[in-house]
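Novice: Hey, dropping input-v4.csv in here, CSV, C-alpha atoms (C1' of nucleotides):
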```csv
chain,number,residue,atom,x,y,z
A,160,GLU,CA,0.0,0.0,0.0
A,161,VAL,CA,2.9,2.3,0.8
A,162,THR,CA,4.4,1.9,-2.6
A,163,TYR,CA,1.2,2.5,-4.5
A,164,THR,CA,0.2,5.5,-2.3
A,165,THR,CA,3.6,7.1,-2.8
A,166,LEU,CA,3.2,6.7,-6.5
A,167,ILE,CA,-0.4,8.0,-6.4
A,168,ASP,CA,0.8,11.1,-4.5
A,169,GLY,CA,3.5,11.6,-7.0
A,170,TYR,CA,1.1,11.6,-10.0
A,171,MET,CA,-1.4,13.8,-8.1
A,172,LYS,CA,1.3,16.4,-7.3
A,173,GLY,CA,2.2,16.4,-11.0
A,174,GLY,CA,-1.4,17.0,-11.8
A,175,ASP,CA,-2.0,13.6,-13.5
A,176,ILE,CA,-5.3,12.7,-11.9
A,177,GLU,CA,-6.1,10.0,-14.5
A,178,GLU,CA,-2.9,8.1,-13.9
A,179,ALA,CA,-3.4,8.3,-10.1
A,180,PHE,CA,-6.8,6.8,-10.3
A,181,LYS,CA,-5.6,4.1,-12.8
A,182,LEU,CA,-3.0,3.1,-10.1
A,183,LYS,CA,-5.8,2.9,-7.5
A,184,ASP,CA,-7.8,0.5,-9.7
A,185,GLU,CA,-4.6,-1.4,-10.4
A,186,MET,CA,-3.9,-2.0,-6.8
A,187,VAL,CA,-7.4,-3.2,-6.2
A,188,VAL,CA,-7.0,-5.7,-9.1
A,189,ARG,CA,-3.8,-6.9,-7.5
A,190,GLY,CA,-5.6,-7.4,-4.2
A,191,ILE,CA,-3.8,-4.6,-2.4
A,192,HIS,CA,-6.3,-2.6,-0.5
A,193,PRO,CA,-6.2,1.2,-0.6
A,194,ASN,CA,-6.0,2.4,3.0
A,195,VAL,CA,-6.7,5.7,4.7
A,196,PHE,CA,-3.4,7.2,3.4
A,197,THR,CA,-4.4,6.2,-0.1
A,198,TYR,CA,-7.8,7.8,0.1
A,199,ASN,CA,-6.4,10.9,1.7
A,200,THR,CA,-3.9,11.3,-1.1
A,201,LEU,CA,-6.6,10.8,-3.7
A,202,ILE,CA,-9.0,13.2,-2.0
A,203,ARG,CA,-6.3,15.9,-1.8
A,204,GLY,CA,-5.5,15.5,-5.5
A,205,ILE,CA,-9.1,15.7,-6.6
A,206,CYS,CA,-9.7,18.8,-4.5
A,207,LYS,CA,-6.7,20.4,-6.0
A,208,VAL,CA,-8.4,20.4,-9.4
A,209,GLY,CA,-11.6,21.8,-8.0
A,210,LYS,CA,-13.7,18.6,-7.8
A,211,ALA,CA,-14.8,18.7,-4.2
A,212,GLN,CA,-18.0,16.9,-4.9
A,213,GLU,CA,-16.0,13.9,-6.1
A,214,ALA,CA,-14.0,14.1,-2.8
A,215,ASN,CA,-17.3,13.6,-1.0
A,216,MET,CA,-17.9,10.5,-3.1
A,217,LEU,CA,-14.4,9.2,-2.2
A,218,LEU,CA,-15.2,9.8,1.4
A,219,THR,CA,-18.4,7.7,1.1
A,220,GLU,CA,-16.6,5.1,-0.8
A,221,MET,CA,-13.8,4.6,1.8
A,222,MET,CA,-16.4,4.2,4.5
A,223,GLU,CA,-18.2,1.6,2.4
A,224,MET,CA,-14.8,-0.2,2.2
A,225,GLY,CA,-14.7,-0.3,5.9
A,226,LEU,CA,-12.2,2.4,6.3
A,227,ARG,CA,-12.5,5.1,9.0
A,228,PRO,CA,-11.7,8.6,7.7
A,229,ASP,CA,-9.5,10.6,10.0
A,230,CYS,CA,-9.0,14.3,10.6
A,231,ILE,CA,-6.7,14.6,7.6
A,232,THR,CA,-9.4,13.1,5.4
A,233,TYR,CA,-12.0,15.6,6.5
A,234,THR,CA,-9.7,18.5,6.5
A,235,SER,CA,-8.8,17.8,2.9
A,236,VAL,CA,-12.4,17.6,1.8
A,237,ILE,CA,-13.2,20.7,3.8
A,238,GLU,CA,-10.5,22.7,2.1
A,239,GLY,CA,-11.8,21.4,-1.3
A,240,HIS,CA,-15.2,23.0,-0.6
A,241,CYS,CA,-13.6,26.2,0.8
A,242,LYS,CA,-11.7,26.6,-2.4
A,243,GLU,CA,-14.9,26.4,-4.3
A,244,GLY,CA,-16.4,29.0,-2.0
A,245,ASN,CA,-18.8,26.5,-0.5
A,246,MET,CA,-18.4,27.4,3.1
A,247,VAL,CA,-21.8,25.9,3.9
A,248,GLU,CA,-20.6,22.5,2.9
A,249,ALA,CA,-17.4,23.1,4.8
A,250,PHE,CA,-19.2,23.8,8.0
A,251,ARG,CA,-21.5,20.8,7.4
A,252,LEU,CA,-18.5,18.6,7.2
A,253,VAL,CA,-17.1,19.9,10.4
A,254,ASP,CA,-20.4,19.0,12.1
A,255,GLU,CA,-20.3,15.6,10.4
A,256,MET,CA,-16.8,14.8,11.6
A,257,VAL,CA,-17.6,15.8,15.2
A,258,LYS,CA,-20.7,13.6,15.1
A,259,ARG,CA,-18.4,10.7,14.0
A,260,ASN,CA,-16.1,11.5,16.9
A,261,ILE,CA,-13.3,12.7,14.6
A,262,MET,CA,-12.0,15.8,16.2
A,263,PRO,CA,-11.1,18.8,14.1
A,264,SER,CA,-7.5,19.9,14.6
A,265,VAL,CA,-5.8,23.3,14.6
A,266,VAL,CA,-5.1,22.6,10.9
A,267,THR,CA,-8.8,22.0,10.2
A,268,TYR,CA,-9.7,25.3,11.8
A,269,SER,CA,-6.8,27.1,10.2
A,270,VAL,CA,-7.9,26.0,6.7
A,271,ILE,CA,-11.4,27.4,7.4
A,272,ILE,CA,-10.0,30.6,8.8
A,273,ASN,CA,-7.7,31.1,5.8
A,274,TRP,CA,-10.6,30.8,3.3
A,275,LEU,CA,-12.9,33.1,5.3
A,276,CYS,CA,-10.0,35.6,5.4
A,277,LYS,CA,-9.6,35.3,1.6
A,278,ALA,CA,-13.3,36.0,1.3
A,279,GLY,CA,-12.8,39.0,3.5
A,280,ASP,CA,-15.2,37.6,6.1
A,281,MET,CA,-13.2,38.6,9.2
A,282,GLU,CA,-16.1,38.4,11.5
A,283,GLN,CA,-16.6,34.7,10.8
A,284,ALA,CA,-12.8,34.1,10.8
A,285,ASN,CA,-12.6,35.6,14.3
A,286,GLU,CA,-15.5,33.5,15.4
A,287,VAL,CA,-13.9,30.3,14.1
A,288,PHE,CA,-10.6,31.2,15.8
A,289,LYS,CA,-12.5,31.7,19.1
A,290,LYS,CA,-14.4,28.4,18.6
A,291,MET,CA,-11.1,26.6,18.1
A,292,VAL,CA,-9.8,28.0,21.4
A,293,GLU,CA,-13.0,27.1,23.2
A,294,ARG,CA,-12.7,23.6,22.0
A,295,GLY,CA,-9.4,23.4,23.9
A,296,LEU,CA,-7.1,23.6,20.9
A,297,VAL,CA,-4.0,25.7,21.2
A,298,PRO,CA,-3.5,28.0,18.2
A,299,ASN,CA,0.0,27.6,16.7
A,300,ILE,CA,2.0,30.0,14.6
A,301,VAL,CA,0.2,29.1,11.4
A,302,ALA,CA,-3.2,29.7,13.0
A,303,TYR,CA,-2.2,33.1,14.3
A,304,THR,CA,-0.4,34.1,11.1
A,305,THR,CA,-3.4,33.1,9.0
A,306,LEU,CA,-5.7,35.4,11.0
A,307,ILE,CA,-3.1,38.2,11.3
A,308,ASN,CA,-2.7,38.1,7.5
A,309,GLY,CA,-6.4,38.3,7.0
A,310,HIS,CA,-6.7,41.4,9.2
A,311,CYS,CA,-3.7,42.9,7.4
A,312,ARG,CA,-5.3,42.4,4.0
A,313,GLN,CA,-8.4,44.1,5.3
A,314,GLY,CA,-6.3,47.1,6.4
A,315,ASN,CA,-6.9,46.4,10.1
A,316,THR,CA,-3.4,46.5,11.3
A,317,GLU,CA,-4.6,47.3,14.9
A,318,GLU,CA,-6.3,43.9,15.3
A,319,ALA,CA,-3.4,42.3,13.5
A,320,PHE,CA,-0.9,43.7,16.1
A,321,ARG,CA,-3.3,42.8,19.0
A,322,LEU,CA,-3.0,39.2,17.8
A,323,PHE,CA,0.7,39.5,17.3
A,324,ASP,CA,1.1,40.7,20.9
A,325,GLU,CA,-1.1,37.9,22.2
A,326,MET,CA,0.9,35.3,20.2
A,327,VAL,CA,4.2,36.6,21.5
A,328,LYS,CA,2.8,36.6,25.1
A,329,ARG,CA,2.0,32.9,24.6
A,330,ARG,CA,5.6,32.4,23.7
A,331,ILE,CA,5.0,31.6,20.1
A,332,VAL,CA,8.0,32.9,18.1
A,333,PRO,CA,6.9,34.8,15.0
A,334,ASP,CA,8.5,33.6,11.8
A,335,ALA,CA,9.1,35.2,8.4
A,336,PHE,CA,5.5,34.5,7.3
A,337,THR,CA,4.2,36.5,10.3
A,338,TYR,CA,6.5,39.4,9.6
A,339,ASP,CA,5.8,39.4,5.9
A,340,SER,CA,2.1,39.6,6.6
A,341,LEU,CA,2.5,42.5,9.1
A,342,ILE,CA,4.9,44.4,6.9
A,343,HIS,CA,2.6,44.0,3.9
A,344,GLY,CA,-0.3,45.2,6.0
A,345,LEU,CA,1.6,48.3,7.1
A,346,CYS,CA,2.8,49.0,3.6
A,347,LYS,CA,-0.7,48.8,2.3
A,348,ALA,CA,-1.9,51.1,5.0
A,349,GLY,CA,0.8,53.6,4.0
A,350,LYS,CA,2.5,53.3,7.4
A,351,MET,CA,6.0,53.1,6.0
A,352,GLN,CA,7.8,54.2,9.2
A,353,ASP,CA,6.2,51.3,11.1
A,354,ALA,CA,6.9,48.9,8.3
A,355,LYS,CA,10.6,49.9,8.3
A,356,LYS,CA,10.7,49.4,12.1
A,357,LEU,CA,9.2,46.0,11.8
A,358,PHE,CA,11.7,45.1,9.0
A,359,LYS,CA,14.5,46.0,11.4
A,360,GLU,CA,12.9,43.9,14.1
A,361,MET,CA,12.8,41.0,11.7
A,362,LEU,CA,16.5,41.3,11.1
A,363,ALA,CA,17.2,41.6,14.8
A,364,ARG,CA,15.4,38.3,15.2
A,365,HIS,CA,17.7,36.8,12.6
A,366,LEU,CA,14.9,36.1,10.2
A,367,LEU,CA,15.9,36.3,6.6
A,368,PRO,CA,13.8,38.7,4.6
A,369,GLY,CA,12.9,37.2,1.2
A,370,TYR,CA,11.0,38.1,-2.0
A,371,PHE,CA,7.8,38.6,-0.1
A,372,THR,CA,9.3,41.0,2.3
A,373,TYR,CA,11.1,43.1,-0.3
A,374,SER,CA,8.1,43.1,-2.6
A,375,ALA,CA,5.9,44.4,0.1
A,376,LEU,CA,8.3,47.2,1.0
A,377,ILE,CA,8.8,48.2,-2.6
A,378,TYR,CA,5.1,48.2,-3.1
A,379,GLY,CA,4.6,50.4,-0.1
A,380,HIS,CA,7.2,52.9,-1.0
A,381,CYS,CA,5.9,53.1,-4.6
A,382,LYS,CA,2.4,53.6,-3.3
A,383,ALA,CA,3.6,56.3,-1.0
A,384,GLU,CA,5.4,57.9,-3.9
A,385,GLU,CA,8.8,57.5,-2.2
A,386,MET,CA,10.7,56.3,-5.2
A,387,ASP,CA,14.2,56.9,-3.8
A,388,GLU,CA,13.2,54.7,-0.8
A,389,ALA,CA,11.8,52.1,-3.2
A,390,ASP,CA,15.0,52.2,-5.1
A,391,LYS,CA,17.0,51.8,-1.9
A,392,VAL,CA,15.1,48.7,-0.9
A,393,PHE,CA,15.4,47.3,-4.5
A,394,LYS,CA,19.2,47.8,-4.4
A,395,GLU,CA,19.4,46.2,-0.9
A,396,MET,CA,17.5,43.2,-2.3
A,397,LEU,CA,19.9,42.9,-5.2
A,398,ALA,CA,22.8,43.1,-2.7
A,399,LYS,CA,21.3,40.1,-0.9
A,400,ARG,CA,21.5,38.2,-4.2
A,401,LEU,CA,17.8,38.0,-4.6
A,402,ILE,CA,17.0,38.0,-8.2
A,403,PRO,CA,13.9,40.2,-9.1
A,404,ASN,CA,11.2,38.5,-11.0
B,54,A,C1',3.4,7.4,2.1
B,55,U,C1',-1.4,11.9,3.3
B,56,A,C1',-4.0,18.1,5.5
B,57,A,C1',-3.2,24.6,6.9
B,58,G,C1',-0.3,30.4,6.7
B,59,A,C1',3.4,35.4,3.5
B,60,A,C1',4.1,39.9,-2.1
B,61,G,C1',2.3,42.6,-7.3
B,62,U,C1',-2.5,42.9,-11.4
```
Would you kindly transcribe this structure into structure tokens?
Specialist:
Amino acid sequence: EVTYTTLIDGYMKGGDIEEAFKLKDEMVVRGIHPNVFTYNTLIRGICKVGKAQEANMLLTEMMEMGLRPDCITYTSVIEGHCKEGNMVEAFRLVDEMVKRNIMPSVVTYSVIINWLCKAGDMEQANEVFKKMVERGLVPNIVAYTTLINGHCRQGNTEEAFRLFDEMVKRRIVPDAFTYDSLIHGLCKAGKMQDAKKLFKEMLARHLLPGYFTYSALIYGHCKAEEMDEADKVFKEMLAKRLIPN
RNA sequence: AUAAGAAGU
């Protein structure tokens, strides 16, 4: 099963859905039974190409085969529906998994929060974050950064920094993703002084600024019509051997 | 062997 599943994952990652499903049929013919890993891999691949409804069918099929879906199975199907904008189905699946005694994880909630943020629905995103904590789950750096990024994109840097402070208080060490989100939020809001300050803080923490960081700063300086500053950042980026795209 | 987060239009 491991060999086949690894191959299936490889084809799925390469976007060759057909070949992946052919392999699944082939393993069945050979009397090798697809297990939960196999189904999870198939579900993730089918969701990647926007066929969440087929993921539901695979979920049903695996249960008919006597397999018990796990948290990863549900999380993958849930993200498939989120991607298609079907939050109603995503929430229905959360209920369904809880009813089956499969507990949503921090990843499950983070996926939902991420897509609510993408849709600009910060109210719901905050609520889901709250619910996650109420359920006794401890938000990690990804969960925090996801929500922080959402607020930054909406221009609410205040709420973003409130979460940032809360996260630091809980001894979660922010990473480059966290800083990039905040720097971008500040740049978008035209708060270039604060953005520069945060950039220095990032360096002080020995985090490496990358394309995302520099792009955000250049974007901010251009937006603020500070072209010499933008050029300074651009030259600094080149000096760090980052090749502009 | 399987799930989540960062830039421009």
Novice: For A:Ile202, work out the shell of residues within 10 Å, counting all atoms listed in the file and skipping chain neighbours fewer than 4 positions away, then give it as an MDAnalysis selection string.
Specialist: (chainID A and resid 171 196:198 206:207 210:211 213:218 231:233 235:236 239) or (chainID B and resid 55)
Novice: Of the candidates A:Gly349, A:Gly190, A:Gly169, A:Gly225, which one gets nearest to chain B if we count only C-alpha atoms (C1' of nucleotides)?
Specialist: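 With only C-alpha atoms (C1' of nucleotides) as the atom set, the closest residue is A:Gly169.
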Novice: For the atom pair atom CA of A:Val392 and atom CA of A:Ala363, what is the interatomic distance in Å to one decimal place?
Specialist: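 Straight-line distance from atom CA of A:Val392 to atom CA of A:Ala363 works out to 17.4 Å.
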Novice: For atom CA of A:Ala354 and atom CA of A:Ser340, determine how far apart the two atoms are, in Å to one decimal place.
Specialist: 10.6 Å
Novice: Fewer than 6 positions away in the same chain doesn't count, so skip those; otherwise give me all residues within 7 Å of B:G58, counting only C-alpha atoms (C1' of nucleotides), as a ChimeraX atom specification.
Specialist: /A:301-302,304-305
Novice: From (10.3, 53.8, 6.8), in the file's coordinates, out to 12 Å: which residues are reached, counting all atoms listed in the file? Answer as a CSV table (one decimal) with C-alpha atoms, in the coordinates of the input.
Specialist:
```
chain,number,residue,atom,x,y,z
A,342,ILE,CA,4.9,44.4,6.9
A,345,LEU,CA,1.6,48.3,7.1
A,346,CYS,CA,2.8,49.0,3.6
A,349,GLY,CA,0.8,53.6,4.0
A,350,LYS,CA,2.5,53.3,7.4
A,351,MET,CA,6.0,53.1,6.0
A,352,GLN,CA,7.8,54.2,9.2
A,353,ASP,CA,6.2,51.3,11.1
A,354,ALA,CA,6.9,48.9,8.3
A,355,LYS,CA,10.6,49.9,8.3
A,356,LYS,CA,10.7,49.4,12.1
A,357,LEU,CA,9.2,46.0,11.8
A,358,PHE,CA,11.7,45.1,9.0
A,359,LYS,CA,14.5,46.0,11.4
A,376,LEU,CA,8.3,47.2,1.0
A,377,ILE,CA,8.8,48.2,-2.6
A,379,GLY,CA,4.6,50.4,-0.1
A,380,HIS,CA,7.2,52.9,-1.0
A,383,ALA,CA,3.6,56.3,-1.0
A,385,GLU,CA,8.8,57.5,-2.2
A,387,ASP,CA,14.2,56.9,-3.8
A,388,GLU,CA,13.2,54.7,-0.8
A,389,ALA,CA,11.8,52.1,-3.2
A,391,LYS,CA,17.0,51.8,-1.9
A,392,VAL,CA,15.1,48.7,-0.9
```
Novice: So, with only C-alpha atoms (C1' of nucleotides) as the atoms that count, which of A:Lys399, A:Phe180, A:Arg312, A:Met326 lies closest to B:A60?
Specialist: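 Among the listed residues, A:Arg312 lies closest to B:A60.
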Novice: Do you have the atom CA of A:Gly314-atom CA of A:Gly279 distance handy?
Specialist: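 It comes out at 10.8 Å.
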Novice: Would you pick out the contacts of A:Glu255 at 12 Å or less, using only C-alpha atoms (C1' of nucleotides), so that residues sharing its chain but fewer than 6 positions from it are not included, and give the list as a PyMOL selection string?
Specialist: chain A and resi 215+218+228-230+233-234+236-237+248-249+261-263
Novice: Write out as an MDAnalysis selection string the residues lying within 10 Å of A:Asn285, counting all atoms listed in the file and excluding same-chain residues fewer than 6 positions away.
Specialist: chainID A and resid 272 275:276 291 306 309:310
Novice: Let's have the selection written as a PDB file, in the coordinates of the input, with C-alpha atoms.
Specialist:
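Done, and the output landed in out39.pdb:
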```
ATOM      1  CA  ILE A 272     -10.000  30.600   8.800  1.00  0.00           C
ATOM      2  CA  LEU A 275     -12.900  33.100   5.300  1.00  0.00           C
ATOM      3  CA  CYS A 276     -10.000  35.600   5.400  1.00  0.00           C
ATOM      4  CA  MET A 291     -11.100  26.600  18.100  1.00  0.00           C
ATOM      5  CA  LEU A 306      -5.700  35.400  11.000  1.00  0.00           C
ATOM      6  CA  GLY A 309      -6.400  38.300   7.000  1.00  0.00           C
ATOM      7  CA  HIS A 310      -6.700  41.400   9.200  1.00  0.00           C
TER       8      HIS A 310
END
```
Novice: Go through chain A and flag each residue having an atom no more than 9 Å from chain B; for those, report the closest pair of atoms plus their distance in Å to one decimal, using only C-alpha atoms (C1' of nucleotides), ordered by chain and rising number, as CSV.
Specialist:
```
residue,atom,partner,partner_atom,distance
A:Glu160,CA,B:A54,C1',8.4
A:Val161,CA,B:A54,C1',5.3
A:Thr162,CA,B:A54,C1',7.3
A:Tyr163,CA,B:A54,C1',8.5
A:Thr164,CA,B:A54,C1',5.8
A:Thr165,CA,B:A54,C1',4.9
A:Leu166,CA,B:A54,C1',8.6
A:Asp168,CA,B:A54,C1',8.0
A:Val195,CA,B:U55,C1',8.3
A:Phe196,CA,B:U55,C1',5.1
A:Thr197,CA,B:U55,C1',7.3
A:Tyr198,CA,B:U55,C1',8.2
A:Asn199,CA,B:U55,C1',5.3
A:Thr200,CA,B:U55,C1',5.1
A:Leu201,CA,B:U55,C1',8.8
A:Arg203,CA,B:A56,C1',8.0
A:Cys230,CA,B:A56,C1',8.1
A:Ile231,CA,B:A56,C1',4.9
A:Thr232,CA,B:A56,C1',7.4
A:Tyr233,CA,B:A56,C1',8.4
A:Thr234,CA,B:A56,C1',5.8
A:Ser235,CA,B:A56,C1',5.5
A:Glu238,CA,B:A56,C1',8.7
A:Val265,CA,B:A57,C1',8.2
A:Val266,CA,B:A57,C1',4.9
A:Thr267,CA,B:A57,C1',7.0
A:Tyr268,CA,B:A57,C1',8.2
A:Ser269,CA,B:A57,C1',5.5
A:Val270,CA,B:A57,C1',4.9
A:Ile271,CA,B:A57,C1',8.7
A:Asn273,CA,B:G58,C1',7.5
A:Ile300,CA,B:G58,C1',8.2
A:Val301,CA,B:G58,C1',4.9
A:Ala302,CA,B:G58,C1',7.0
A:Tyr303,CA,B:G58,C1',8.3
A:Thr304,CA,B:G58,C1',5.7
A:Thr305,CA,B:G58,C1',4.7
A:Leu306,CA,B:G58,C1',8.5
A:Asn308,CA,B:A59,C1',7.8
A:Ala335,CA,B:A59,C1',7.5
A:Phe336,CA,B:A59,C1',4.4
A:Thr337,CA,B:A59,C1',6.9
A:Tyr338,CA,B:A59,C1',7.9
A:Asp339,CA,B:A59,C1',5.2
A:Ser340,CA,B:A59,C1',5.4
A:His343,CA,B:A60,C1',7.4
A:Tyr370,CA,B:A60,C1',7.1
A:Phe371,CA,B:A60,C1',4.4
A:Thr372,CA,B:A60,C1',6.9
A:Tyr373,CA,B:A60,C1',7.9
A:Ser374,CA,B:A60,C1',5.1
A:Ala375,CA,B:A60,C1',5.3
A:Leu376,CA,B:A60,C1',9.0
A:Tyr378,CA,B:G61,C1',7.5
```
